[in-house]
Amino acid sequence: MTITRADSQRANQIAQELAETYGVTVVQDWGEQEPDPDGDGWNGGEWSLDELDTLQKGILDLASVMGGPNNFIENLGRVTISQVDLKYRGLASKHGVKFTSSPISIDAWTVVHELAHVWDANSGWRLCKALERYTGGYTNWVAMLVRKARGNCDEGHRLPGCNRFGYFYGDVPPAGSDQNFNRKEDFAETVAAYVYPALVQPKVDRFKDDRYRDLLYYPDYTQTVRWSFVDGLIKGTIAAG
């Protein structure tokens, strides 16, 4: 559902607050335009009010754990957020996030996940590399090919090094792993889980009683190595390197 005239005041307020307080520019695609013969001149755009509320919640939640808006801006820089035609929920780069304009709506977890990518990109991708080292992981394409050639990978590609990127993750991932898991995705999921530990628990509870228990399950995210890493980053006790 797009932004209606009735919703536009609230939508404009959210966009203004995000820009002024958090340095986040929402590309505004709703508003008045030249009237056409079959319309009244109003463009609803791609955003919905629910999506803007969700975007604001994710930004506020991440900024809160970082210690406030100033730290958020220092970590991520100025961020521009838009909706475009994407096959993914979101796509992040330095200073920008594009969310899908498809009927698949965003949630707060996705917002924080993509903003974590921006944080990482703004550091020159040093954060995901620091996480990799901190957890005892490594990336090795040759070792990945050898492992697959020897038939040492599982069908779900969940084992370390069985993904497409040669990522041999260390310790327990925040929300499981699959063929697309790499250190960048690891960092983004690690941050999202730090912000929403209650949301991540059901993602790993499914591994509690299966073959991946020792690899992908934990009873409390706040007691994991990855939680400690993000906590140290935020508090300044861990350097990105």
# chains A, B, ... in the order shown; residues from 1 in each chain; ligands from 1
>>> select_by_dssp(residues="region 83-225 of chain A", states="strand (DSSP E)", output="list in words")
Gln83, Val84, Gly90, Leu91, Ala92, Ser93, Gly96, Val97, Lys98, Phe99, Thr100, Tyr138, Thr139, Tyr167 and Phe168 of chain A
>>> residues_around(residues="Arg78 (chain A)", least_positions_apart="3", cutoff="7 Å", atoms="only C-alpha atoms", output="PyMOL selection string")
chain A and resi 23-24+73+95
>>> write_last_selection(atoms="C-alpha atoms", output="CSV table (one decimal), in the first residue's frame")
chain,number,residue,atom,x,y,z
A,23,GLY,CA,21.7,11.5,8.9
A,24,VAL,CA,19.4,9.2,7.0
A,73,ILE,CA,26.2,8.8,12.3
A,95,HIS,CA,26.3,5.2,2.6
>>> residues_around(residues="Asn75 (chain A)", least_positions_apart="5", cutoff="9 Å", atoms="only C-alpha atoms", output="MDAnalysis selection string")
chainID A and resid 66 70 118:120 122:123
>>> closest_residue(among="A:Glu189, A:Ala175, A:Leu145, A:Trp125", to="Val111 (chain A)", atoms="only C-alpha atoms")
A:Glu189
>>> closest_residue(among="A:His113, A:Thr139, A:Met144, A:Gln33", to="Gly58 (chain A)", atoms="only C-alpha atoms")
A:His113
